[in-house]
There are 4 protein chains.
Amino acid sequence: MKAAVLHAFDEQLTAKEFVRYEEVPDPRISRPMDVIVRIGGAGVCRTDLHIVEGIWRTKVDVKLPYIMGHENAGWVEAVGPGVEGVKVGDSVICHPLVTSGHCLACRRGNDMHALDSSFPGINANGGYAQYLLTGQRSLIKLPKSLAPKDVAPYTDAGLTAYRAAKKASRHLLPGEYAVVIGAGGLGHIGIQVLAALCAAEIIVVDRSEKSLELAKTCGAHHLVKAGDSDVEAVLALTGGRGAEAVIDFVGEGDAIAKGLAMTANGGSYYIVGYGGKIDLPTIDMITTEKTIVGNLVGTYAELVELMALADRGLVNLHTREYRLSEANDALHDLHHGRIHGRAVLIP
Amino acid sequence: MKAAVLHAFDEQLTAKEFVRYEEVPDPRISRPMDVIVRIGGAGVCRTDLHIVEGIWRTKVDVKLPYIMGHENAGWVEAVGPGVEGVKVGDSVICHPLVTSGHCLACRRGNDMHALDSSFPGINANGGYAQYLLTGQRSLIKLPKSLAPKDVAPYTDAGLTAYRAAKKASRHLLPGEYAVVIGAGGLGHIGIQVLAALCAAEIIVVDRSEKSLELAKTCGAHHLVKAGDSDVEAVLALTGGRGAEAVIDFVGEGDAIAKGLAMTANGGSYYIVGYGGKIDLPTIDMITTEKTIVGNLVGTYAELVELMALADRGLVNLHTREYRLSEANDALHDLHHGRIHGRAVLIP
Amino acid sequence: MKAAVLHAFDEQLTAKEFVRYEEVPDPRISRPMDVIVRIGGAGVCRTDLHIVEGIWRTKVDVKLPYIMGHENAGWVEAVGPGVEGVKVGDSVICHPLVTSGHCLACRRGNDMHALDSSFPGINANGGYAQYLLTGQRSLIKLPKSLAPKDVAPYTDAGLTAYRAAKKASRHLLPGEYAVVIGAGGLGHIGIQVLAALCAAEIIVVDRSEKSLELAKTCGAHHLVKAGDSDVEAVLALTGGRGAEAVIDFVGEGDAIAKGLAMTANGGSYYIVGYGGKIDLPTIDMITTEKTIVGNLVGTYAELVELMALADRGLVNLHTREYRLSEANDALHDLHHGRIHGRAVLIP
Amino acid sequence: MKAAVLHAFDEQLTAKEFVRYEEVPDPRISRPMDVIVRIGGAGVCRTDLHIVEGIWRTKVDVKLPYIMGHENAGWVEAVGPGVEGVKVGDSVICHPLVTSGHCLACRRGNDMHALDSSFPGINANGGYAQYLLTGQRSLIKLPKSLAPKDVAPYTDAGLTAYRAAKKASRHLLPGEYAVVIGAGGLGHIGIQVLAALCAAEIIVVDRSEKSLELAKTCGAHHLVKAGDSDVEAVLALTGGRGAEAVIDFVGEGDAIAKGLAMTANGGSYYIVGYGGKIDLPTIDMITTEKTIVGNLVGTYAELVELMALADRGLVNLHTREYRLSEANDALHDLHHGRIHGRAVLIP
């Protein structure tokens with residue numbers, strides 16, 4: 001099959017070609033629950049740039065050459081002998097983690113903390129290719145309203161935003177406030193999810209006017225330009241108390257300290273973006289009784305929930321399509337801020 | 001009345017006399033809900049040493065001279081014209097915060113986040129005295145089994161430990177683990193509360209053998225000597241995964257980084273002690289999906305719950321009694337690690 | 001002052017005049033926290049008809065003559081000496097229960113289960129009058145967007161619907177279903193609350209085409225005409241499984257058995273309306289693992305939350321105004337099904 | 001293999017032999033996830049008597065002849081080609097439900113509400129036999145401390161009691177009360193679970209002195225003899241308010257009405273036993289705001305949790321052993337109240 005393959009890390013992201021479009025062996029079924037999916041679309045994520053930079057080498061075992069692409073959807077091409085529940089030809093979206101389902105975390109529905117899993121596109125071959133090897137437990141059948149290429153980025157970008165926003169919605173009451181920092185690929189989904197799942201007033205903070213405009217169409221009630229007085233602006237909007245929930249899709253630079261400052265006493269700061277540091281005296285956690293919540297993608301059931309929102313039009317995703325052979329163009333466009341919404345590679 | 005009064009800060013805690021035992025004016029009822037309590041006992045807390053050091057000056061408005069003592073119990077001496085529910089002579093324990101009860105936080109039972117409150121012994125005159133001015137909403141009538149001088153330290157040390165342990169108990173399931181870092185004045189209560197409220201296995205980490213012995217009698221299932229290999233020891237006890245809840249009663253030095261390292265993926269690190277810093281890359285919060293939870297004393301209802309545990313003998317407090325005129329001895333003994341359990345001043 | 005006074009029960013509701021419009025003594029402040037409110041509007045509730053019928057005599061202590069009216073809003077006219085937080089002239093809505101706030105239920109924010117309370121219009125004189133005696137703890141200041149006469153019915157009809165719908169929204173996930181039985185005075189609020197607080201698909205069952213039309217404008221996604229095949233229609237809409245939440249605003253006749261039959265296994269049936277009986281073999285509760293949830297008005301904090309929804313236009317109430325002197329017209333119109341939305345008496 | 005086979009229903013339970021001990025074909029692996037377990041012990045449950053009576057015919061599809069026995073533990077004898085996680089020779093306890101794991105309920109950890117399942121011993125051949133056909137997803141490996149024959153009854157009797165008591169423990173606070181009605185096979189486990197998972201005071205109601213004695217050793221704090229004044233006794237113990245949780249392991253006769261009467265306003269009545277009817281005016285559910293909770297066995301993860309309690313000695317099960325060939329003796333002894341604890345058949 002054809003695939004866009006990563007052969008070398010590039011710490012400065014200066015190469016013209018990050019990946020090489022070439023012929024590779026087809027994936028093969030070897031275990032009873034294996035499934036091969038013909039890719040309809042594969043999302044291009046900032047994490048892919050971080051992989052090219054080599055940042056993830058310290059977190060997971062990545063051996064080159066390999067195929068990136070952890071946001072995948074398509075059609076079932078072949079199934080192992082133990083597979084039930086999906087059949088060849090079904091259009092499916094792929095939960096990013098492939099699990100056996102035996103461990104207690106999986107049995108409790110908490111797939112992301114499976115003791116035994118692989119993450120195609122991160123620590124195994126992914127979906128920048130014609131075909132992807134995954135497992136039965138990762139597949140969700142799509143309703144007819146949703147085409148694979150249009151929903152692929154929901155599997156990671158969408159699901160991560162969904163899970164964080166859902167956690168916040170569980171405690172946000174009418175009359176309370178949610179701040180979303182960063183209305184980009186994840187943030188614009190997070191805003192829509194908040195608007196669908198609770199009645200808190202949504203304040204969006206971003207440095208780009210264009211992103212704030214997008215935030216407005218996604219359901220934001222108040223827009224704040226990121227900058228010198230953004231914390232003050234949020235405090236002014238919230239009666240001086242801050243927001244009961246702050247979801248930080250940036251997670252680097254001064255977003256972290258500001259996000260915590262925007263959080264009300266007794267409130268929660270949800271961290272989704274990464275790259276920066278939390279640096280905070282413990283006394284500040286005690287006197288304010290804030291909670292800092294880490295967020296890691298989402299469960300299979302949560303991807304089903306997100307598809308239900310998408311199917312009903314309550315969440316919409318902006319995508320820009322590239323051929324698989326143009327993977328380098330997509331990666332460069334993302335690196336240089338030329339993509340609004342999410343790039344999707346189509347084999 | 002007689003009181004032990006703070007006249008000057010002492011950053012290095014080198015003075016022989018931190019407070020002066022002297023005659024001061026009696027407190028007086030001025031508002032309908034005011035209550036004056038004759039002190040039966042006032043707990044001596046490490047926070048009092050921090051107040052003497054001047055650390056709290058940046059957090060709350062403290063004007064010298066004033067009377068410390070925020071852990072108080074005694075008997076109702078006088079009541080304002082609007083007071084119902086308690087009467088002169090009742091033996092009572094005092095929730096540390098005095099609130100009007102009007103704000104939404106109070107109406108939801110979340111007293112600690114009252115918009116309008118005073119904290120006797122912190123930002124108003126406290127209980128190192130014969131009499132204390134407080135409010136009706138702060139008082140809980142004591143059952144006959146509990147004498148004021150024996151329970152006074154529950155109002156802050158006990159309540160803080162209770163709230164953090166209760167939060168953890170809400171998600172700890174049989175087969176899971178709780179780590180308690182620090183089995184001192186708060187920690188030894190926290191261990192007993194965990195043992196009463198859930199069936200998690202309790203691992204206690206402390207550098208003192210004596211504290212570990214106390215931990216054992218409080219219900220700890222595993223003891224770990226704090227030191228070079230404490231994190232490894234906890235991981236070994238928990239199947240390599242860490243504990244689903246870590247409650248850190250130290251909150252300074254390497255306890256914070258170690259506490260986070262002892263926390264299982266998807267688990268929660270509860271911070272109670274203070275003095276140190278949280279210093280953590282955001283990526284570590286994302287890949288582990290941990291939660292960091294700040295803790296601020298506890299609610300009135302939670303103090304009622306703690307009294308129920310004490311009344312039934314499920315929680316016991318070790319105290320050492322001093323006369324009010326010996327307040328400096330108590331403070332020095334605390335400063336120099338000579339108190340096991342909690343010092344209580346008796347007028 | 002003028003008031004519409006109930007002098008005699010009327011089990012068959014055949015009298016021409018249920019209440020008598022007459023001069024009565026003004027209420028007077030006697031306790032520190034008492035407040036007198038000048039009525040701007042008093043809602044007329046089906047419970048008032050049940051009071052006239054004498055049904056409530058067995059549940060609460062009602063002595064004739066007395067003044068009905070438990071849905072009240074207006075302006076503060078006079079305050080007791082202990083009152084803080086509201087002042088003469090403030091426009092306010094009255095939580096229906098008057099509590100002292102001392103008991104543990106109140107301290108946990110669970111006002112409706114106060115050990116010590118009165119319920120003006122039920123077991124004390126209510127708001128079918130120019131003035132109402134209530135307490136400070138019952139008052140919520142209104143934003144300028146909301147006039148007393150327009151919001152009075154929120155205090156009982158609205159709040160009851162809000163609380164039940166909020167409970168359901170806490171567990172309803174995207175892809176799940178909520179059934180609302182009865183789109184009348186309470187139900188039409190319940191639908192709006194569900195739509196604001198969660199993303200479940202809302203199915204409304206009612207026997208009136210007009211009510212179903214109203215339901216549509218309130219946010220219902222599916223309409224089912226009550227009748228022979230309503231259970232089947234709900235099962236068909238929910239993939240044969242039933243709805244994860246059913247809120248029954250009727251609570252009599254066959255609504256109860258049907259509501260339980262419309263509830264999915266593992267789901268919850270919320271009962272709000274009354275008059276009928278639950279009649280169910282225990283084995284059916286075991287094999288289906290359903291939950292039956294009783295609902296009693298709502299807390300003070302929940303009325304604040306509902307006002308936040310109303311202020312933002314997320315919930316709207318249809319009212320029809322009558323002069324206080326026309327109270328009997330309003331009661332008769334309600335009795336004979338001539339009121340759509342809610343009648344409000346204006347002194 | 002040998003098995004005790006049910007050939008005919010017996011509505012009056014008058015037959016001398018309910019089942020026939022005879023040779024039947026061995027079960028065979030036919031699907032990738034099938035597992036055959038060599039039975040170490042099979043619990044004898046009152047439900048088995050109900051099956052003999054024919055009661056369950058209306059609820060599930062039962063075809064005679066078949067083999068009862070839904071509480072099974074033993075050793076893995078053979079595995080299908082897709083099985084991972086257990087291997088031949090492992091000692092295991094069998095979750096009573098066999099599921100494929102594909103449906104959303106399973107993916108959320110809510111196995112009991114699987115769309116696709118079988119229940120050996122109820123609607124498929126069970127464990128009154130030498131071998132049992134089950135599935136990989138039903139098996140939990142036993143720690144060395146627990147022998148199959150000693151734990152078999154945990155899979156249904158124990159798990160059902162665990163789940164109901166766990167639900168109650170999630171909301172029971174110190175100072176609150178739990179009533180357990182019926183301290184028999186399930187009840188005596190429920191008491192131990194409550195004592196392990198929360199600090200509520202436990203009141204046990206039973207008509208047998210012997211059961212009340214057992215309840216005492218299981219951790220009950222108050223014993224009430226079932227009879228004319230049991231409701232009054234519970235109200236007296238709970239300050240007139242009733243218990244925040246009532247768990248009814250009887251579920252027939254007057255237990256239901258009494259259980260509801262013993263439940264505090266705002267509290268929950270958990271129904272586990274069956275045979276009787278709930279018969280209640282809806283107005284009583286509204287004015288008291290009680291909740292009635294159905295309970296259906298428990299999840300796989302909950303059986304893991306229960307095994308953790310058993311492994312640590314926090315829950316103990318009283319069993320009486322019979323040979324498999326003596327199955328009729330066990331059933332008759334159960335029918336005539338001659339078994340205290342739980343009968344277990346050993347092949």
# chains A, B, ... in the order shown; residues from 1 in each chain; ligands from 1
$ closest_atom_pairs --of "chain D" --to "chain A" --cutoff "7 Å" --atoms "only C-alpha atoms" --output "JSON lines"
{"residue": "D:Pro32", "atom": "CA", "partner": "A:Gly82", "partner_atom": "CA", "distance": 5.8}
{"residue": "D:Gly82", "atom": "CA", "partner": "A:Pro32", "partner_atom": "CA", "distance": 5.8}
{"residue": "D:Gly85", "atom": "CA", "partner": "A:His102", "partner_atom": "CA", "distance": 6.8}
{"residue": "D:His102", "atom": "CA", "partner": "A:Gly85", "partner_atom": "CA", "distance": 6.7}
{"residue": "D:Leu104", "atom": "CA", "partner": "A:Ala301", "partner_atom": "CA", "distance": 6.6}
{"residue": "D:Arg107", "atom": "CA", "partner": "A:Gly109", "partner_atom": "CA", "distance": 5.2}
{"residue": "D:Arg108", "atom": "CA", "partner": "A:Gly109", "partner_atom": "CA", "distance": 4.2}
{"residue": "D:Gly109", "atom": "CA", "partner": "A:Arg108", "partner_atom": "CA", "distance": 4.2}
{"residue": "D:Ala301", "atom": "CA", "partner": "A:Arg107", "partner_atom": "CA", "distance": 6.4}
$ write_last_selection --atoms "all heavy atoms" --output "mmCIF file, in the first residue's frame"
data_model
loop_
_atom_site.group_PDB
_atom_site.id
_atom_site.type_symbol
_atom_site.label_atom_id
_atom_site.label_comp_id
_atom_site.auth_asym_id
_atom_site.auth_seq_id
_atom_site.Cartn_x
_atom_site.Cartn_y
_atom_site.Cartn_z
ATOM 1 N N PRO D 32 -14.554 -18.460 19.921
ATOM 2 C CA PRO D 32 -13.171 -18.098 20.296
ATOM 3 C C PRO D 32 -13.002 -17.757 21.772
ATOM 4 O O PRO D 32 -11.954 -18.015 22.352
ATOM 5 C CB PRO D 32 -12.873 -16.878 19.421
ATOM 6 C CG PRO D 32 -13.775 -16.991 18.256
ATOM 7 C CD PRO D 32 -15.019 -17.661 18.759
ATOM 8 N N GLY D 82 -9.442 -17.668 21.037
ATOM 9 C CA GLY D 82 -9.230 -16.227 21.199
ATOM 10 C C GLY D 82 -8.971 -15.817 22.638
ATOM 11 O O GLY D 82 -8.778 -14.637 22.933
ATOM 12 N N GLY D 85 -5.475 -13.986 28.885
ATOM 13 C CA GLY D 85 -5.748 -13.494 30.228
ATOM 14 C C GLY D 85 -6.014 -14.582 31.247
ATOM 15 O O GLY D 85 -5.760 -14.394 32.429
ATOM 16 N N HIS D 102 -19.440 -6.164 23.560
ATOM 17 C CA HIS D 102 -19.489 -5.197 22.455
ATOM 18 C C HIS D 102 -20.421 -4.024 22.719
ATOM 19 O O HIS D 102 -20.223 -2.948 22.170
ATOM 20 C CB HIS D 102 -19.948 -5.878 21.164
ATOM 21 C CG HIS D 102 -19.123 -7.052 20.776
ATOM 22 N ND1 HIS D 102 -17.799 -7.168 21.123
ATOM 23 C CD2 HIS D 102 -19.427 -8.179 20.070
ATOM 24 C CE1 HIS D 102 -17.323 -8.308 20.657
ATOM 25 N NE2 HIS D 102 -18.276 -8.946 20.031
ATOM 26 N N LEU D 104 -22.706 -0.920 24.342
ATOM 27 C CA LEU D 104 -22.277 0.284 25.039
ATOM 28 C C LEU D 104 -22.341 0.107 26.555
ATOM 29 O O LEU D 104 -21.486 0.617 27.283
ATOM 30 C CB LEU D 104 -23.154 1.464 24.593
ATOM 31 C CG LEU D 104 -22.632 2.855 24.896
ATOM 32 C CD1 LEU D 104 -21.207 3.060 24.402
ATOM 33 C CD2 LEU D 104 -23.543 3.902 24.268
ATOM 34 N N ARG D 107 -19.246 -1.543 27.497
ATOM 35 C CA ARG D 107 -18.105 -0.642 27.322
ATOM 36 C C ARG D 107 -18.036 0.396 28.422
ATOM 37 O O ARG D 107 -17.000 1.010 28.666
ATOM 38 C CB ARG D 107 -18.142 0.030 25.936
ATOM 39 C CG ARG D 107 -17.907 -0.950 24.804
ATOM 40 C CD ARG D 107 -16.618 -1.748 24.958
ATOM 41 N NE ARG D 107 -15.425 -0.961 24.863
ATOM 42 C CZ ARG D 107 -14.744 -0.773 23.752
ATOM 43 N NH1 ARG D 107 -15.137 -1.342 22.627
ATOM 44 N NH2 ARG D 107 -13.651 -0.046 23.746
ATOM 45 N N ARG D 108 -19.172 0.656 29.058
ATOM 46 C CA ARG D 108 -19.188 1.582 30.202
ATOM 47 C C ARG D 108 -18.990 0.851 31.527
ATOM 48 O O ARG D 108 -19.077 1.448 32.590
ATOM 49 C CB ARG D 108 -20.512 2.342 30.235
ATOM 50 C CG ARG D 108 -20.580 3.433 29.185
ATOM 51 C CD ARG D 108 -21.907 4.176 29.249
ATOM 52 N NE ARG D 108 -21.872 5.347 28.387
ATOM 53 C CZ ARG D 108 -22.866 5.746 27.598
ATOM 54 N NH1 ARG D 108 -23.984 5.053 27.564
ATOM 55 N NH2 ARG D 108 -22.753 6.820 26.861
ATOM 56 N N GLY D 109 -18.760 -0.451 31.471
ATOM 57 C CA GLY D 109 -18.534 -1.205 32.698
ATOM 58 C C GLY D 109 -19.809 -1.682 33.347
ATOM 59 O O GLY D 109 -19.795 -2.220 34.447
ATOM 60 N N ALA D 301 -16.458 -5.678 37.612
ATOM 61 C CA ALA D 301 -15.522 -4.917 38.456
ATOM 62 C C ALA D 301 -15.943 -4.971 39.922
ATOM 63 O O ALA D 301 -15.099 -5.005 40.819
ATOM 64 C CB ALA D 301 -15.425 -3.467 37.968
#
$ residues_around --residues "Asn316 of chain C" --least-positions-apart "5" --cutoff "9 Å" --atoms "only C-alpha atoms" --output "ChimeraX atom specification"
/C:188-189,192,218,309-310
$ write_last_selection --atoms "N, CA, C and O atoms" --output "PDB file, in the first residue's frame"
ATOM      1  N   HIS C 188     -43.854  22.309  30.762  1.00  0.00           N
ATOM      2  CA  HIS C 188     -43.258  23.156  29.729  1.00  0.00           C
ATOM      3  C   HIS C 188     -41.980  23.836  30.245  1.00  0.00           C
ATOM      4  O   HIS C 188     -41.096  24.172  29.464  1.00  0.00           O
ATOM      5  N   ILE C 189     -41.873  24.000  31.565  1.00  0.00           N
ATOM      6  CA  ILE C 189     -40.614  24.484  32.149  1.00  0.00           C
ATOM      7  C   ILE C 189     -39.570  23.361  32.145  1.00  0.00           C
ATOM      8  O   ILE C 189     -38.410  23.562  31.788  1.00  0.00           O
ATOM      9  N   GLN C 192     -37.775  22.948  28.865  1.00  0.00           N
ATOM     10  CA  GLN C 192     -36.776  24.003  28.627  1.00  0.00           C
ATOM     11  C   GLN C 192     -35.528  23.779  29.476  1.00  0.00           C
ATOM     12  O   GLN C 192     -34.401  24.019  29.025  1.00  0.00           O
ATOM     13  N   CYS C 218     -40.744  24.692  23.146  1.00  0.00           N
ATOM     14  CA  CYS C 218     -39.901  24.660  24.346  1.00  0.00           C
ATOM     15  C   CYS C 218     -38.630  23.838  24.140  1.00  0.00           C
ATOM     16  O   CYS C 218     -37.761  23.813  25.015  1.00  0.00           O
ATOM     17  N   LEU C 309     -31.236  31.110  34.580  1.00  0.00           N
ATOM     18  CA  LEU C 309     -31.734  30.658  33.269  1.00  0.00           C
ATOM     19  C   LEU C 309     -32.776  31.621  32.724  1.00  0.00           C
ATOM     20  O   LEU C 309     -32.784  31.939  31.529  1.00  0.00           O
ATOM     21  N   ALA C 310     -33.676  32.086  33.603  1.00  0.00           N
ATOM     22  CA  ALA C 310     -34.730  33.006  33.163  1.00  0.00           C
ATOM     23  C   ALA C 310     -34.130  34.334  32.716  1.00  0.00           C
ATOM     24  O   ALA C 310     -34.527  34.904  31.695  1.00  0.00           O
TER      25      ALA C 310
END
$ atom_distance --atom1 "atom CA of His7 of chain A" --atom2 "atom CA of Leu97 of chain A"
23.1 Å
$ atom_distance --atom1 "atom CA of Val179 of chain A" --atom2 "atom CA of Asp311 of chain A"
26.0 Å
$ select_by_dssp --residues "segment 226-334 of chain B" --states "strand (DSSP E)" --output "compact mmCIF listing (two decimals) with N, CA, C and O atoms, in the first residue's frame"
# COMPACT_ATOMS: atom_id res chain seq x y z
N ALA B 243 -0.81 4.74 44.00
CA ALA B 243 -2.06 4.74 44.76
C ALA B 243 -3.10 5.61 44.07
O ALA B 243 -2.78 6.66 43.52
N GLU B 244 -4.34 5.18 44.15
CA GLU B 244 -5.45 5.94 43.55
C GLU B 244 -5.64 7.28 44.27
O GLU B 244 -6.17 8.22 43.68
N ALA B 245 -5.25 7.36 45.53
CA ALA B 245 -5.31 8.64 46.26
C ALA B 245 -4.05 8.80 47.09
O ALA B 245 -3.62 7.85 47.76
N VAL B 246 -3.45 9.97 47.02
CA VAL B 246 -2.33 10.31 47.89
C VAL B 246 -2.73 11.59 48.63
O VAL B 246 -3.12 12.57 47.99
N ILE B 247 -2.67 11.55 49.96
CA ILE B 247 -2.99 12.74 50.75
C ILE B 247 -1.70 13.23 51.38
O ILE B 247 -1.10 12.52 52.20
N ASP B 248 -1.31 14.43 51.00
CA ASP B 248 -0.01 14.96 51.43
C ASP B 248 -0.22 15.97 52.55
O ASP B 248 -0.63 17.11 52.30
N THR B 263 1.29 8.70 42.96
CA THR B 263 -0.11 8.70 42.53
C THR B 263 -0.27 7.89 41.24
O THR B 263 0.48 8.08 40.30
N ALA B 264 -1.24 7.01 41.22
CA ALA B 264 -1.51 6.19 40.03
C ALA B 264 -2.03 7.06 38.89
O ALA B 264 -2.62 8.12 39.12
N ASN B 265 -1.83 6.61 37.67
CA ASN B 265 -2.46 7.28 36.53
C ASN B 265 -3.97 7.31 36.75
O ASN B 265 -4.56 6.31 37.18
N GLY B 266 -4.56 8.46 36.49
CA GLY B 266 -6.00 8.60 36.73
C GLY B 266 -6.34 8.86 38.18
O GLY B 266 -7.50 9.07 38.50
N GLY B 267 -5.33 8.88 39.06
CA GLY B 267 -5.57 9.07 40.49
C GLY B 267 -5.50 10.53 40.91
O GLY B 267 -5.28 11.42 40.09
N SER B 268 -5.69 10.75 42.20
CA SER B 268 -5.74 12.11 42.73
C SER B 268 -4.72 12.32 43.84
O SER B 268 -4.55 11.47 44.72
N TYR B 269 -4.06 13.46 43.78
CA TYR B 269 -3.09 13.89 44.79
C TYR B 269 -3.73 15.03 45.56
O TYR B 269 -4.01 16.10 45.00
N TYR B 270 -3.99 14.81 46.85
CA TYR B 270 -4.65 15.81 47.70
C TYR B 270 -3.59 16.55 48.49
O TYR B 270 -2.84 15.94 49.26
N ILE B 271 -3.57 17.84 48.35
CA ILE B 271 -2.55 18.63 49.01
C ILE B 271 -3.17 19.35 50.21
O ILE B 271 -4.16 20.05 50.09
N LYS B 277 6.38 23.96 46.81
CA LYS B 277 5.88 24.34 45.48
C LYS B 277 5.53 23.12 44.64
O LYS B 277 6.22 22.10 44.71
N ILE B 278 4.51 23.26 43.84
CA ILE B 278 4.23 22.29 42.79
C ILE B 278 4.98 22.76 41.55
O ILE B 278 4.84 23.92 41.15
N ASP B 279 5.76 21.88 40.95
CA ASP B 279 6.61 22.26 39.82
C ASP B 279 6.57 21.09 38.85
O ASP B 279 7.22 20.07 39.08
N LEU B 280 5.79 21.23 37.79
CA LEU B 280 5.41 20.05 37.02
C LEU B 280 5.13 20.43 35.56
O LEU B 280 4.35 21.34 35.29
N PRO B 281 5.76 19.71 34.59
CA PRO B 281 5.42 19.98 33.19
C PRO B 281 3.97 19.58 32.91
O PRO B 281 3.49 18.54 33.40
N THR B 291 -5.07 14.21 38.93
CA THR B 291 -5.77 15.39 39.42
C THR B 291 -5.08 15.85 40.71
O THR B 291 -4.71 15.02 41.54
N ILE B 292 -4.88 17.15 40.83
CA ILE B 292 -4.29 17.73 42.04
C ILE B 292 -5.38 18.52 42.75
O ILE B 292 -5.99 19.41 42.16
N VAL B 293 -5.63 18.17 44.00
CA VAL B 293 -6.79 18.72 44.71
C VAL B 293 -6.35 19.55 45.92
O VAL B 293 -5.72 19.02 46.84
N GLY B 294 -6.67 20.82 45.92
CA GLY B 294 -6.44 21.67 47.08
C GLY B 294 -7.50 21.42 48.14
O GLY B 294 -8.61 21.01 47.83
N THR B 319 -4.01 14.57 72.76
CA THR B 319 -3.78 15.97 73.14
C THR B 319 -2.84 16.04 74.35
O THR B 319 -2.70 15.09 75.11
N ARG B 320 -2.21 17.21 74.49
CA ARG B 320 -1.39 17.48 75.67
C ARG B 320 -1.83 18.83 76.20
O ARG B 320 -1.87 19.81 75.46
N GLU B 321 -2.16 18.90 77.46
CA GLU B 321 -2.77 20.12 78.01
C GLU B 321 -1.73 21.07 78.60
O GLU B 321 -0.77 20.65 79.25
N TYR B 322 -1.93 22.35 78.36
CA TYR B 322 -1.14 23.44 78.95
C TYR B 322 -2.13 24.45 79.52
O TYR B 322 -3.22 24.63 78.99
N ARG B 323 -1.69 25.18 80.59
CA ARG B 323 -2.49 26.31 81.04
C ARG B 323 -2.36 27.43 80.01
O ARG B 323 -1.32 27.54 79.34
$ select_by_dssp --residues "segment 147-185 of chain A" --states "helix (DSSP H, G or I)" --output "list in words"
Pro148, Lys149, Asp150, Val151, Ala152, Pro153, Tyr154, Thr155, Ala157, Gly158, Leu159, Thr160, Ala161, Tyr162, Arg163, Ala164, Ala165, Lys166, Lys167, Ala168 and Ser169 of chain A
$ residues_around --residues "Pro96 of chain A" --least-positions-apart "6" --cutoff "7 Å" --atoms "only C-alpha atoms" --output "list in words"
His70, Glu71, Phe119, Pro120, Thr155 and Asp156 of chain A
$ write_last_selection --atoms "N, CA and C atoms" --output "PDB file, in the first residue's frame"
ATOM      1  N   HIS A  70      -2.960   9.321  14.033  1.00  0.00           N
ATOM      2  CA  HIS A  70      -3.719   8.686  15.116  1.00  0.00           C
ATOM      3  C   HIS A  70      -5.190   9.109  15.126  1.00  0.00           C
ATOM      4  N   GLU A  71      -5.625   9.801  14.058  1.00  0.00           N
ATOM      5  CA  GLU A  71      -7.037  10.214  13.970  1.00  0.00           C
ATOM      6  C   GLU A  71      -7.629   9.604  12.706  1.00  0.00           C
ATOM      7  N   PHE A 119      -1.182   2.403  20.514  1.00  0.00           N
ATOM      8  CA  PHE A 119      -1.750   3.679  20.079  1.00  0.00           C
ATOM      9  C   PHE A 119      -1.243   3.913  18.647  1.00  0.00           C
ATOM     10  N   PRO A 120      -1.946   3.347  17.653  1.00  0.00           N
ATOM     11  CA  PRO A 120      -1.483   3.502  16.267  1.00  0.00           C
ATOM     12  C   PRO A 120      -1.271   4.975  15.923  1.00  0.00           C
ATOM     13  N   THR A 155     -11.499  11.712  16.600  1.00  0.00           N
ATOM     14  CA  THR A 155     -10.986  10.599  17.412  1.00  0.00           C
ATOM     15  C   THR A 155      -9.956  11.046  18.433  1.00  0.00           C
ATOM     16  N   ASP A 156      -9.249  12.107  18.163  1.00  0.00           N
ATOM     17  CA  ASP A 156      -8.295  12.588  19.168  1.00  0.00           C
ATOM     18  C   ASP A 156      -8.597  14.038  19.539  1.00  0.00           C
TER      19      ASP A 156
END
